[in-house]
Amino acid sequence: MRDVAIVSFANHITSHAEGDDVEMLVPVITEALRAANLKKKEIGFTVSGSCDYLGGRPFSFVMALDAVGAWPPIEESHVEMDGAFALYEAWVRLQHGDIDTALIYAFGRSTTGSTRDVLATQLDPYVMAPLWPDSVGLAALQARAMLDAGTCTEREMAQVAARSRRSKKPGPGAHTFAEMQAGDLLGLPYTTAPLRAHDCAPDSDGVAAMVLVAGDRAKKLTSRPAWIRGIDHRIEAHQLGVRDLTKSVSTALAAEKAGALGKSFDVAEIHAPFSHQEILVRKALGLAGDVEINPSGGALVGNPYIVAGLDRIGEAARRIHDGSAKSAVAHATSGPCLQQNLVCVLSEG
Amino acid sequence: MSEPIRKIEAPVRLEFTVEAGRALTRFLSSIVEERIVGRRCPECTKVYVPARSSCPTCGVPMSEDVTVADTGTLTTFCIVNVPFEGQTMKLPYVYGAIVLDGADLPILHLVQGIPANEVRMGLRVKAEWTPPEERPASLEAIRWFTPSGEPDAPFDAYKEHL
Amino acid sequence: MAIATDPAKAPETAASPRRLAASYVLEYTYRRSVGPVIGRFLGALRDGRIEGVRTASGKVMVPPSEYDPETSEALSEFVAVGDAGVVTTWAWVSEPRPRQPLAKPFAWALIKLDGADTPLLHAVDAGTIDAMSTGMRVKVRWRAERKGGIGDIECFVPEGGAR
């Protein structure tokens, strides 16, 4: 395997974007390239993540290419998935050995339509999608299953939400939430029982960009590259009824294959659009009690669909870049009730 | 055993509120005032109409607004003879690529005021604007283009835009 | 697609760009081939019966799938199951969304039908959240006019009627 590192990361997450996709992407891609000390023409492979139904526009990635410029023609790919899975493709591409650099970006405007309805279109089209089950309703089924099984409590869920809101001061345009103790959050009404508003990630707009560099070149370009020491993703069946919703078997398997099990980490960034899912993933990753979880605040304080998973990996890398962590594990998810999960292990050395 | 089902209707309906970005907002709020605004790329110097935020070729932000003329040259075109749902034009009609004077990239629009079989590459055309009170913030602010009466542009004048 | 807002006459400034917004509806009239297994399941629903399929390990899957989720083998042994069963988990929808099975508050539930080993997703019309509990028994409320779709089950209701 070739050593590959995340050398830079930039993002912008807001409750409602002012510009269009390209206008959001340009400053963030520019910043990621600047921090990587690379020019656009030095990028060997470009790959993006986006979702056409989210903005109601087929082939949305084609327009977004304006943000990178595709002349002379560039080597480019796209996934109709979270940017975290675009990162995986870039990592695989760099393993070929003929190029050293890759740019990954993701863009998602959850506020253009209704994410709850858009996500219903990813379900089985014969026996599930015709009922239009919304993403919150399906997550609530999972939360109830966990509560019934005793694998989490409503108080633990509220604690996740309270910690997420405390973790990070909102930047310009970010969602703002009242800081509340878990006990006070529990006094609020259910929205889709057993979920309350604070258990569910908001709909956000956002973009993220990342530069990967292989081998010695990563050390030459930046002082503290975040080396990818393991990366893997696994998917489960689409029918909810055949899965045990109280476990995340795919996360555990991805963690094993990525070499995350039994290791200690300074930081864990978990992509959990619902509070109970953080508890579930934490267990599947086998995290020790002293790991700092979601110092970025996680998806519960800013959740641009398609971007939030890549954003977790980027935020974990950022902690290695700035020297506040030596090791990190990051997780990204896709599909209803944590159907598909990616685990990425990062290290300073 | 029951007769099995072979096909189901599985319609998808999603509702959106799309917002124009900053560059497109510039274009759309100008066109209702009978001005066509593009943007010039600082690297390749091409003027894109409608205004867009970033040059698709160079991948750099464009910030210089350029007002272009409402006259231009038809570079290429097709004659539509086939009816389809939602069609508002009488058949046959001409739809073509028009490079406005001052722009480097063509817009696509209707050509009227000339029999379809007389339309040709290099035809000089002029915008026919909708009345201000019913003018939408879209390219439909221009009803269509009609011949301007000028002599045809020579092929060399527009060949790079094909 | 229609422009919903008039462009204001005030000039754009960096601090307050005017926003032009338009409402936009995306609609696809998909017609899907359902294949032999789902086709048989839906045909049975139209006739007011529920059928599952037996997997290699002997489990009865409802709804059925064409291939065994564990072994990927093609599945073809159909098994009739009951039209009542047990709620394995549920969520209370206080504000239903358009196109969902019921327009009044209802529960999403996974329901393990009698004779089935995997639960089915559907709606439960229980009236109030207090009438819902994990492990409760529910039964099908059939739609009067059925056409061969999951919607032939209008919803489930608590066995013995709503409290």
# chains A, B, ... in the order shown; residues from 1 in each chain; ligands from 1
>>> closest_atom_pairs(of="chain A", to="chain C", cutoff="10 Å", atoms="only C-alpha atoms", output="CSV")
residue,atom,partner,partner_atom,distance
A:Glu18,CA,C:Arg19,CA,8.0
A:Gly19,CA,C:Arg19,CA,9.3
A:Tyr53,CA,C:Leu26,CA,8.7
A:Gly55,CA,C:Leu26,CA,9.8
A:Gly56,CA,C:Leu26,CA,6.3
A:Arg57,CA,C:Leu26,CA,8.6
A:Thr112,CA,C:Ser23,CA,9.6
A:Gly113,CA,C:Tyr24,CA,9.2
A:Arg116,CA,C:Arg97,CA,9.4
A:Asp117,CA,C:Arg97,CA,8.7
A:Pro125,CA,C:Arg32,CA,8.4
A:Tyr126,CA,C:Val34,CA,7.1
A:Val127,CA,C:Ile150,CA,5.4
A:Met128,CA,C:Leu121,CA,7.1
A:Ala129,CA,C:Ile150,CA,9.5
A:Pro130,CA,C:Ile150,CA,7.2
A:Leu131,CA,C:Gln100,CA,5.5
A:Trp132,CA,C:Gln100,CA,5.4
A:Pro133,CA,C:Gln100,CA,6.9
A:Asp134,CA,C:Arg97,CA,8.2
A:Val136,CA,C:Ala91,CA,9.3
A:Gly137,CA,C:Ala91,CA,6.2
A:Leu138,CA,C:Trp108,CA,7.8
A:Ala139,CA,C:Ala91,CA,8.7
A:Ala140,CA,C:Ala91,CA,5.4
A:Leu141,CA,C:Trp90,CA,5.1
A:Gln142,CA,C:Thr89,CA,7.6
A:Ala143,CA,C:Ala91,CA,8.6
A:Arg144,CA,C:Thr89,CA,6.1
A:Ala145,CA,C:Thr89,CA,5.5
A:Met146,CA,C:Thr89,CA,9.3
A:Leu147,CA,C:Thr89,CA,9.8
A:Asp148,CA,C:Thr134,CA,7.9
A:Tyr190,CA,C:Ser94,CA,8.8
A:Thr191,CA,C:Ser94,CA,7.0
A:Thr192,CA,C:Val93,CA,5.2
A:Ala193,CA,C:Trp92,CA,5.0
A:Pro194,CA,C:Ala91,CA,6.5
A:Leu195,CA,C:Ala91,CA,8.4
A:Glu236,CA,C:Pro69,CA,9.3
A:Ala237,CA,C:Pro69,CA,6.9
A:His238,CA,C:Pro69,CA,9.6
A:Gln239,CA,C:Pro63,CA,8.6
A:Leu240,CA,C:Leu121,CA,7.8
A:Gly241,CA,C:Pro119,CA,4.8
A:Val242,CA,C:Thr118,CA,5.8
A:Arg243,CA,C:Thr118,CA,8.7
A:Leu245,CA,C:Thr89,CA,9.8
>>> residues_around(residues="Gly206 of chain A", least_positions_apart="5", cutoff="12 Å", atoms="only C-alpha atoms", output="ChimeraX atom specification")
/A:10-25,28,50,83,105-112,173-175,299,302-311
>>> write_last_selection(atoms="N, CA and C atoms", output="CSV table (one decimal), in the first residue's frame")
chain,number,residue,atom,x,y,z
A,10,ALA,N,-10.8,22.3,3.8
A,10,ALA,CA,-11.5,23.5,4.1
A,10,ALA,C,-13.0,23.2,3.9
A,11,ASN,N,-13.8,24.0,4.6
A,11,ASN,CA,-15.2,23.7,4.6
A,11,ASN,C,-16.0,25.0,4.8
A,12,HIS,N,-17.3,25.0,4.5
A,12,HIS,CA,-18.2,26.1,4.8
A,12,HIS,C,-19.6,25.5,5.0
A,13,ILE,N,-20.1,25.6,6.2
A,13,ILE,CA,-21.4,25.1,6.6
A,13,ILE,C,-22.2,26.2,7.1
A,14,THR,N,-23.4,26.3,6.6
A,14,THR,CA,-24.3,27.4,7.0
A,14,THR,C,-25.8,26.9,7.0
A,15,SER,N,-26.6,27.7,7.7
A,15,SER,CA,-28.0,27.3,7.8
A,15,SER,C,-28.7,27.6,6.5
A,16,HIS,N,-28.2,28.5,5.7
A,16,HIS,CA,-28.8,28.8,4.4
A,16,HIS,C,-27.8,29.6,3.6
A,17,ALA,N,-27.3,28.9,2.5
A,17,ALA,CA,-26.3,29.5,1.7
A,17,ALA,C,-26.8,30.7,0.9
A,18,GLU,N,-25.9,31.7,0.7
A,18,GLU,CA,-26.2,32.8,-0.2
A,18,GLU,C,-25.9,32.5,-1.6
A,19,GLY,N,-24.8,32.0,-1.9
A,19,GLY,CA,-24.4,31.7,-3.3
A,19,GLY,C,-25.0,30.4,-3.8
A,20,ASP,N,-24.7,30.1,-5.1
A,20,ASP,CA,-25.1,28.8,-5.7
A,20,ASP,C,-23.9,27.8,-5.4
A,21,ASP,N,-24.1,26.6,-5.9
A,21,ASP,CA,-23.1,25.6,-5.6
A,21,ASP,C,-21.7,26.1,-5.9
A,22,VAL,N,-21.5,26.6,-7.1
A,22,VAL,CA,-20.2,27.0,-7.6
A,22,VAL,C,-19.7,28.2,-6.7
A,23,GLU,N,-20.5,29.1,-6.4
A,23,GLU,CA,-20.1,30.2,-5.5
A,23,GLU,C,-19.7,29.8,-4.1
A,24,MET,N,-20.3,28.7,-3.7
A,24,MET,CA,-19.9,28.2,-2.4
A,24,MET,C,-18.6,27.4,-2.5
A,25,LEU,N,-18.4,26.7,-3.6
A,25,LEU,CA,-17.3,25.9,-3.7
A,25,LEU,C,-16.0,26.6,-4.0
A,28,VAL,N,-13.7,27.7,-1.1
A,28,VAL,CA,-13.3,26.5,-0.2
A,28,VAL,C,-12.3,25.7,-1.0
A,50,SER,N,-22.0,14.5,-4.8
A,50,SER,CA,-23.2,15.3,-4.7
A,50,SER,C,-24.4,14.4,-4.9
A,83,GLY,N,-19.3,12.9,0.2
A,83,GLY,CA,-18.0,13.1,-0.2
A,83,GLY,C,-17.0,12.2,0.4
A,105,TYR,N,-14.1,17.1,-3.4
A,105,TYR,CA,-15.0,18.1,-2.9
A,105,TYR,C,-16.4,17.5,-2.9
A,106,ALA,N,-17.2,18.1,-2.0
A,106,ALA,CA,-18.6,17.7,-1.9
A,106,ALA,C,-19.4,19.0,-1.7
A,107,PHE,N,-20.6,19.0,-2.3
A,107,PHE,CA,-21.5,20.1,-2.1
A,107,PHE,C,-22.9,19.7,-1.9
A,108,GLY,N,-23.6,20.3,-1.0
A,108,GLY,CA,-25.0,19.9,-0.7
A,108,GLY,C,-25.8,21.1,-0.2
A,109,ARG,N,-26.9,21.4,-0.8
A,109,ARG,CA,-27.8,22.4,-0.3
A,109,ARG,C,-29.1,21.7,0.2
A,110,SER,N,-29.1,21.4,1.5
A,110,SER,CA,-30.3,20.7,2.0
A,110,SER,C,-31.5,21.6,2.0
A,111,THR,N,-31.3,22.9,1.9
A,111,THR,CA,-32.5,23.8,2.1
A,111,THR,C,-33.2,24.1,0.8
A,112,THR,N,-32.7,23.6,-0.3
A,112,THR,CA,-33.4,23.8,-1.6
A,112,THR,C,-34.8,23.1,-1.6
A,173,GLY,N,-23.1,32.6,9.8
A,173,GLY,CA,-24.1,31.9,9.0
A,173,GLY,C,-24.4,30.5,9.5
A,174,ALA,N,-23.8,30.1,10.6
A,174,ALA,CA,-24.0,28.7,11.1
A,174,ALA,C,-25.3,28.7,11.9
A,175,HIS,N,-25.8,27.5,12.1
A,175,HIS,CA,-27.0,27.3,12.9
A,175,HIS,C,-26.7,27.8,14.4
A,299,ALA,N,-22.6,16.4,13.1
A,299,ALA,CA,-23.7,16.6,12.2
A,299,ALA,C,-24.9,17.3,12.9
A,302,GLY,N,-24.6,20.9,12.3
A,302,GLY,CA,-24.5,21.4,10.9
A,302,GLY,C,-24.4,20.1,10.0
A,303,ASN,N,-25.5,20.0,9.2
A,303,ASN,CA,-25.6,18.7,8.5
A,303,ASN,C,-26.0,18.9,7.0
A,304,PRO,N,-25.0,19.5,6.2
A,304,PRO,CA,-25.3,19.5,4.8
A,304,PRO,C,-25.3,18.1,4.3
A,305,TYR,N,-26.4,17.6,3.8
A,305,TYR,CA,-26.4,16.3,3.2
A,305,TYR,C,-25.4,16.1,2.1
A,306,ILE,N,-24.7,15.0,2.1
A,306,ILE,CA,-23.6,14.7,1.1
A,306,ILE,C,-22.3,15.2,1.5
A,307,VAL,N,-22.3,16.2,2.4
A,307,VAL,CA,-21.0,16.9,2.8
A,307,VAL,C,-20.6,16.4,4.2
A,308,ALA,N,-21.6,16.1,5.0
A,308,ALA,CA,-21.3,16.0,6.5
A,308,ALA,C,-20.3,14.8,6.8
A,309,GLY,N,-20.3,13.8,5.9
A,309,GLY,CA,-19.4,12.6,6.2
A,309,GLY,C,-18.0,13.0,5.9
A,310,LEU,N,-17.8,13.6,4.7
A,310,LEU,CA,-16.4,14.1,4.3
A,310,LEU,C,-16.0,15.1,5.4
A,311,ASP,N,-16.9,15.9,5.8
A,311,ASP,CA,-16.6,16.9,6.8
A,311,ASP,C,-16.1,16.3,8.1
>>> atom_distance(atom1="atom CA of Val81 of chain C", atom2="atom CA of Gly48 of chain C")
11.6 Å
>>> atom_distance(atom1="atom CA of Val267 of chain A", atom2="atom CA of Gly150 of chain A")
26.4 Å
>>> residues_around(residues="segment 78-84 of chain B", least_positions_apart="4", cutoff="8 Å", atoms="only C-alpha atoms", output="list of chain:residue names")
B:Leu91, B:Pro92, B:Tyr93, B:Val94, B:Tyr95, B:Gly96, B:Ala116
>>> write_last_selection(atoms="C-alpha atoms", output="tab-separated table (two decimals), in the first residue's frame")
chain	number	residue	atom	x	y	z
B	91	LEU	CA	-44.31	24.48	-36.44
B	92	PRO	CA	-41.89	24.70	-38.10
B	93	TYR	CA	-39.80	27.07	-36.04
B	94	VAL	CA	-36.12	27.85	-35.64
B	95	TYR	CA	-34.05	27.49	-32.50
B	96	GLY	CA	-30.45	28.57	-32.66
B	116	ALA	CA	-37.62	28.79	-41.55
>>> atom_distance(atom1="atom CA of Ser327 of chain A", atom2="atom CA of Val345 of chain A")
7.7 Å
>>> residues_around(residues="Pro154 of chain B", least_positions_apart="6", cutoff="10 Å", atoms="only C-alpha atoms", output="ChimeraX atom specification")
/B:73,121-123
>>> closest_residue(among="C:Ala126, C:Val53, C:Val60, C:Ala80", to="chain B", atoms="only C-alpha atoms")
C:Ala80
>>> select_by_dssp(residues="chain B", states="strand (DSSP E or B)", output="CSV table (one decimal) with N, CA and C atoms, in the first residue's frame")
chain,number,residue,atom,x,y,z
B,7,LYS,N,-46.2,-4.7,-13.2
B,7,LYS,CA,-45.6,-3.4,-13.1
B,7,LYS,C,-46.4,-2.6,-12.1
B,8,ILE,N,-45.7,-1.6,-11.5
B,8,ILE,CA,-46.4,-0.7,-10.6
B,8,ILE,C,-46.1,0.7,-11.0
B,9,GLU,N,-47.1,1.6,-10.8
B,9,GLU,CA,-46.8,3.0,-10.9
B,9,GLU,C,-46.0,3.5,-9.7
B,12,VAL,N,-42.5,9.8,-8.6
B,12,VAL,CA,-41.7,10.6,-7.6
B,12,VAL,C,-42.1,12.1,-7.8
B,13,ARG,N,-42.4,12.8,-6.8
B,13,ARG,CA,-42.7,14.2,-6.8
B,13,ARG,C,-42.0,14.9,-5.7
B,14,LEU,N,-41.1,15.8,-6.1
B,14,LEU,CA,-40.4,16.6,-5.0
B,14,LEU,C,-40.5,18.1,-5.3
B,15,GLU,N,-40.6,18.8,-4.3
B,15,GLU,CA,-40.8,20.3,-4.4
B,15,GLU,C,-39.6,21.0,-3.9
B,16,PHE,N,-39.2,22.0,-4.7
B,16,PHE,CA,-38.0,22.8,-4.4
B,16,PHE,C,-38.3,24.3,-4.4
B,17,THR,N,-37.4,25.0,-3.7
B,17,THR,CA,-37.3,26.5,-4.0
B,17,THR,C,-35.9,26.7,-4.4
B,18,VAL,N,-35.7,26.9,-5.7
B,18,VAL,CA,-34.4,27.2,-6.2
B,18,VAL,C,-34.1,28.7,-6.1
B,19,GLU,N,-32.8,29.0,-5.7
B,19,GLU,CA,-32.4,30.4,-5.6
B,19,GLU,C,-31.3,30.6,-6.6
B,36,ILE,N,-28.4,43.1,-20.9
B,36,ILE,CA,-27.9,41.7,-20.9
B,36,ILE,C,-26.5,41.7,-20.3
B,37,VAL,N,-26.4,41.1,-19.2
B,37,VAL,CA,-25.1,41.2,-18.4
B,37,VAL,C,-24.4,39.9,-18.5
B,38,GLY,N,-23.1,40.0,-18.9
B,38,GLY,CA,-22.2,38.8,-18.8
B,38,GLY,C,-21.1,39.1,-17.9
B,39,ARG,N,-20.2,38.1,-17.8
B,39,ARG,CA,-19.0,38.3,-17.0
B,39,ARG,C,-17.7,37.9,-17.8
B,40,ARG,N,-16.6,38.7,-17.6
B,40,ARG,CA,-15.4,38.4,-18.3
B,40,ARG,C,-14.4,37.6,-17.4
B,47,VAL,N,-16.0,36.5,-22.5
B,47,VAL,CA,-17.2,37.1,-21.9
B,47,VAL,C,-18.3,36.0,-21.9
B,48,TYR,N,-18.7,35.6,-20.7
B,48,TYR,CA,-19.8,34.6,-20.7
B,48,TYR,C,-21.1,35.2,-20.4
B,54,SER,N,-17.9,31.7,-12.2
B,54,SER,CA,-16.6,31.1,-12.3
B,54,SER,C,-16.4,30.6,-13.8
B,61,PRO,N,-12.6,32.6,-10.4
B,61,PRO,CA,-13.8,33.4,-10.2
B,61,PRO,C,-13.8,34.6,-11.2
B,64,GLU,N,-15.8,40.7,-13.2
B,64,GLU,CA,-16.1,41.9,-14.0
B,64,GLU,C,-17.4,41.8,-14.8
B,65,ASP,N,-18.4,42.6,-14.5
B,65,ASP,CA,-19.6,42.5,-15.3
B,65,ASP,C,-19.4,43.2,-16.6
B,66,VAL,N,-20.0,42.7,-17.7
B,66,VAL,CA,-19.9,43.3,-19.0
B,66,VAL,C,-21.3,43.3,-19.6
B,67,THR,N,-21.8,44.5,-19.9
B,67,THR,CA,-23.1,44.6,-20.6
B,67,THR,C,-22.9,44.4,-22.1
B,68,VAL,N,-23.6,43.4,-22.7
B,68,VAL,CA,-23.4,43.1,-24.1
B,68,VAL,C,-24.6,43.6,-24.8
B,71,THR,N,-28.0,42.6,-30.0
B,71,THR,CA,-27.9,42.2,-31.3
B,71,THR,C,-26.8,41.1,-31.4
B,72,GLY,N,-26.8,40.3,-32.4
B,72,GLY,CA,-25.8,39.3,-32.5
B,72,GLY,C,-25.9,38.5,-33.8
B,73,THR,N,-25.1,37.4,-33.8
B,73,THR,CA,-25.0,36.6,-35.0
B,73,THR,C,-25.5,35.2,-34.7
B,74,LEU,N,-26.3,34.7,-35.6
B,74,LEU,CA,-26.7,33.3,-35.5
B,74,LEU,C,-25.6,32.4,-36.0
B,75,THR,N,-25.1,31.5,-35.1
B,75,THR,CA,-23.9,30.7,-35.5
B,75,THR,C,-24.4,29.4,-36.1
B,76,THR,N,-25.3,28.8,-35.4
B,76,THR,CA,-25.9,27.5,-35.9
B,76,THR,C,-27.3,27.4,-35.4
B,77,PHE,N,-28.1,26.5,-36.0
B,77,PHE,CA,-29.5,26.5,-35.7
B,77,PHE,C,-30.1,25.1,-36.1
B,78,CYS,N,-31.3,24.9,-35.6
B,78,CYS,CA,-32.1,23.7,-36.1
B,78,CYS,C,-33.5,24.2,-36.4
B,79,ILE,N,-34.2,23.4,-37.2
B,79,ILE,CA,-35.6,23.7,-37.5
B,79,ILE,C,-36.4,22.6,-36.9
B,80,VAL,N,-37.3,23.0,-36.0
B,80,VAL,CA,-38.1,22.1,-35.2
B,80,VAL,C,-39.4,21.8,-36.0
B,93,TYR,N,-40.4,25.9,-36.6
B,93,TYR,CA,-39.8,27.1,-36.0
B,93,TYR,C,-38.3,26.8,-35.8
B,94,VAL,N,-37.6,27.9,-35.7
B,94,VAL,CA,-36.1,27.9,-35.6
B,94,VAL,C,-35.6,28.2,-34.2
B,95,TYR,N,-34.7,27.3,-33.8
B,95,TYR,CA,-34.0,27.5,-32.5
B,95,TYR,C,-32.5,27.5,-32.8
B,96,GLY,N,-31.8,28.5,-32.3
B,96,GLY,CA,-30.4,28.6,-32.7
B,96,GLY,C,-29.5,29.1,-31.6
B,97,ALA,N,-28.2,29.1,-31.9
B,97,ALA,CA,-27.2,29.6,-31.0
B,97,ALA,C,-26.8,31.0,-31.5
B,98,ILE,N,-26.9,32.0,-30.6
B,98,ILE,CA,-26.7,33.4,-31.0
B,98,ILE,C,-25.6,33.9,-30.2
B,99,VAL,N,-24.5,34.4,-30.8
B,99,VAL,CA,-23.4,35.1,-30.1
B,99,VAL,C,-23.8,36.6,-30.1
B,100,LEU,N,-24.1,37.1,-29.0
B,100,LEU,CA,-24.4,38.5,-28.9
B,100,LEU,C,-23.2,39.4,-29.1
B,107,ILE,N,-25.9,32.2,-26.6
B,107,ILE,CA,-27.1,31.8,-25.9
B,107,ILE,C,-28.0,31.1,-26.9
B,108,LEU,N,-28.9,30.3,-26.4
B,108,LEU,CA,-29.8,29.6,-27.2
B,108,LEU,C,-31.2,30.3,-27.2
B,109,HIS,N,-31.7,30.6,-28.4
B,109,HIS,CA,-33.0,31.3,-28.4
B,109,HIS,C,-33.7,31.0,-29.7
B,110,LEU,N,-35.0,31.5,-29.7
B,110,LEU,CA,-35.8,31.3,-30.9
B,110,LEU,C,-35.5,32.4,-32.0
B,111,VAL,N,-35.6,32.0,-33.2
B,111,VAL,CA,-35.5,33.0,-34.3
B,111,VAL,C,-36.8,33.0,-35.1
B,124,ARG,N,-27.6,38.0,-39.1
B,124,ARG,CA,-27.6,39.0,-38.0
B,124,ARG,C,-29.0,39.2,-37.5
B,125,VAL,N,-29.1,39.1,-36.1
B,125,VAL,CA,-30.4,39.1,-35.5
B,125,VAL,C,-30.4,40.2,-34.3
B,126,LYS,N,-31.6,40.5,-33.9
B,126,LYS,CA,-31.9,41.5,-32.9
B,126,LYS,C,-32.9,41.0,-31.9
B,127,ALA,N,-32.8,41.3,-30.7
B,127,ALA,CA,-33.7,40.8,-29.7
B,127,ALA,C,-35.1,41.5,-29.8
B,128,GLU,N,-36.2,40.8,-29.7
B,128,GLU,CA,-37.5,41.4,-29.6
B,128,GLU,C,-37.9,41.3,-28.1
B,129,TRP,N,-37.9,42.4,-27.4
B,129,TRP,CA,-38.2,42.3,-25.9
B,129,TRP,C,-39.7,42.2,-25.7
B,142,ILE,N,-36.7,38.1,-23.4
B,142,ILE,CA,-36.6,38.3,-24.8
B,142,ILE,C,-37.6,37.3,-25.4
B,143,ARG,N,-38.5,37.8,-26.2
B,143,ARG,CA,-39.5,36.9,-26.8
B,143,ARG,C,-38.8,36.0,-27.8
B,144,TRP,N,-38.1,36.6,-28.7
B,144,TRP,CA,-37.3,35.8,-29.7
B,144,TRP,C,-36.4,36.8,-30.4
B,145,PHE,N,-35.6,36.3,-31.3
B,145,PHE,CA,-34.7,37.2,-32.1
B,145,PHE,C,-35.3,37.2,-33.5
B,146,THR,N,-35.1,38.4,-34.2
B,146,THR,CA,-35.6,38.6,-35.6
B,146,THR,C,-34.4,39.1,-36.4
B,147,PRO,N,-34.5,39.0,-37.7
B,147,PRO,CA,-33.4,39.5,-38.5
B,147,PRO,C,-33.2,41.0,-38.3
>>> interface_residues(of="chain B", to="chain C", cutoff="12 Å", atoms="only C-alpha atoms", output="VMD selection string")
chain B and resid 1 to 33 133 to 141
>>> residues_around(residues="segment 65-70 of chain A", least_positions_apart="2", cutoff="7 Å", atoms="only C-alpha atoms", output="compact mmCIF listing (two decimals) with C-alpha atoms, in the first residue's frame")
# COMPACT_ATOMS: atom_id res chain seq x y z
CA VAL A 22 -20.17 27.02 -7.56
CA LEU A 25 -17.27 25.86 -3.74
CA VAL A 26 -14.79 28.32 -5.24
CA PHE A 61 -21.79 17.64 -10.73
CA VAL A 62 -21.37 18.88 -14.31
CA MET A 63 -22.17 22.50 -13.43
CA PRO A 72 -7.42 21.19 -20.69
CA PRO A 73 -9.60 18.16 -19.85
CA ILE A 74 -8.96 16.85 -16.34
CA SER B 54 -16.60 31.09 -12.34
CA CYS B 55 -14.96 30.44 -15.72
CA PRO B 56 -15.72 26.82 -16.68
CA THR B 57 -12.50 26.62 -18.67
CA CYS B 58 -10.05 28.25 -16.28
CA GLY B 59 -11.84 27.52 -13.01
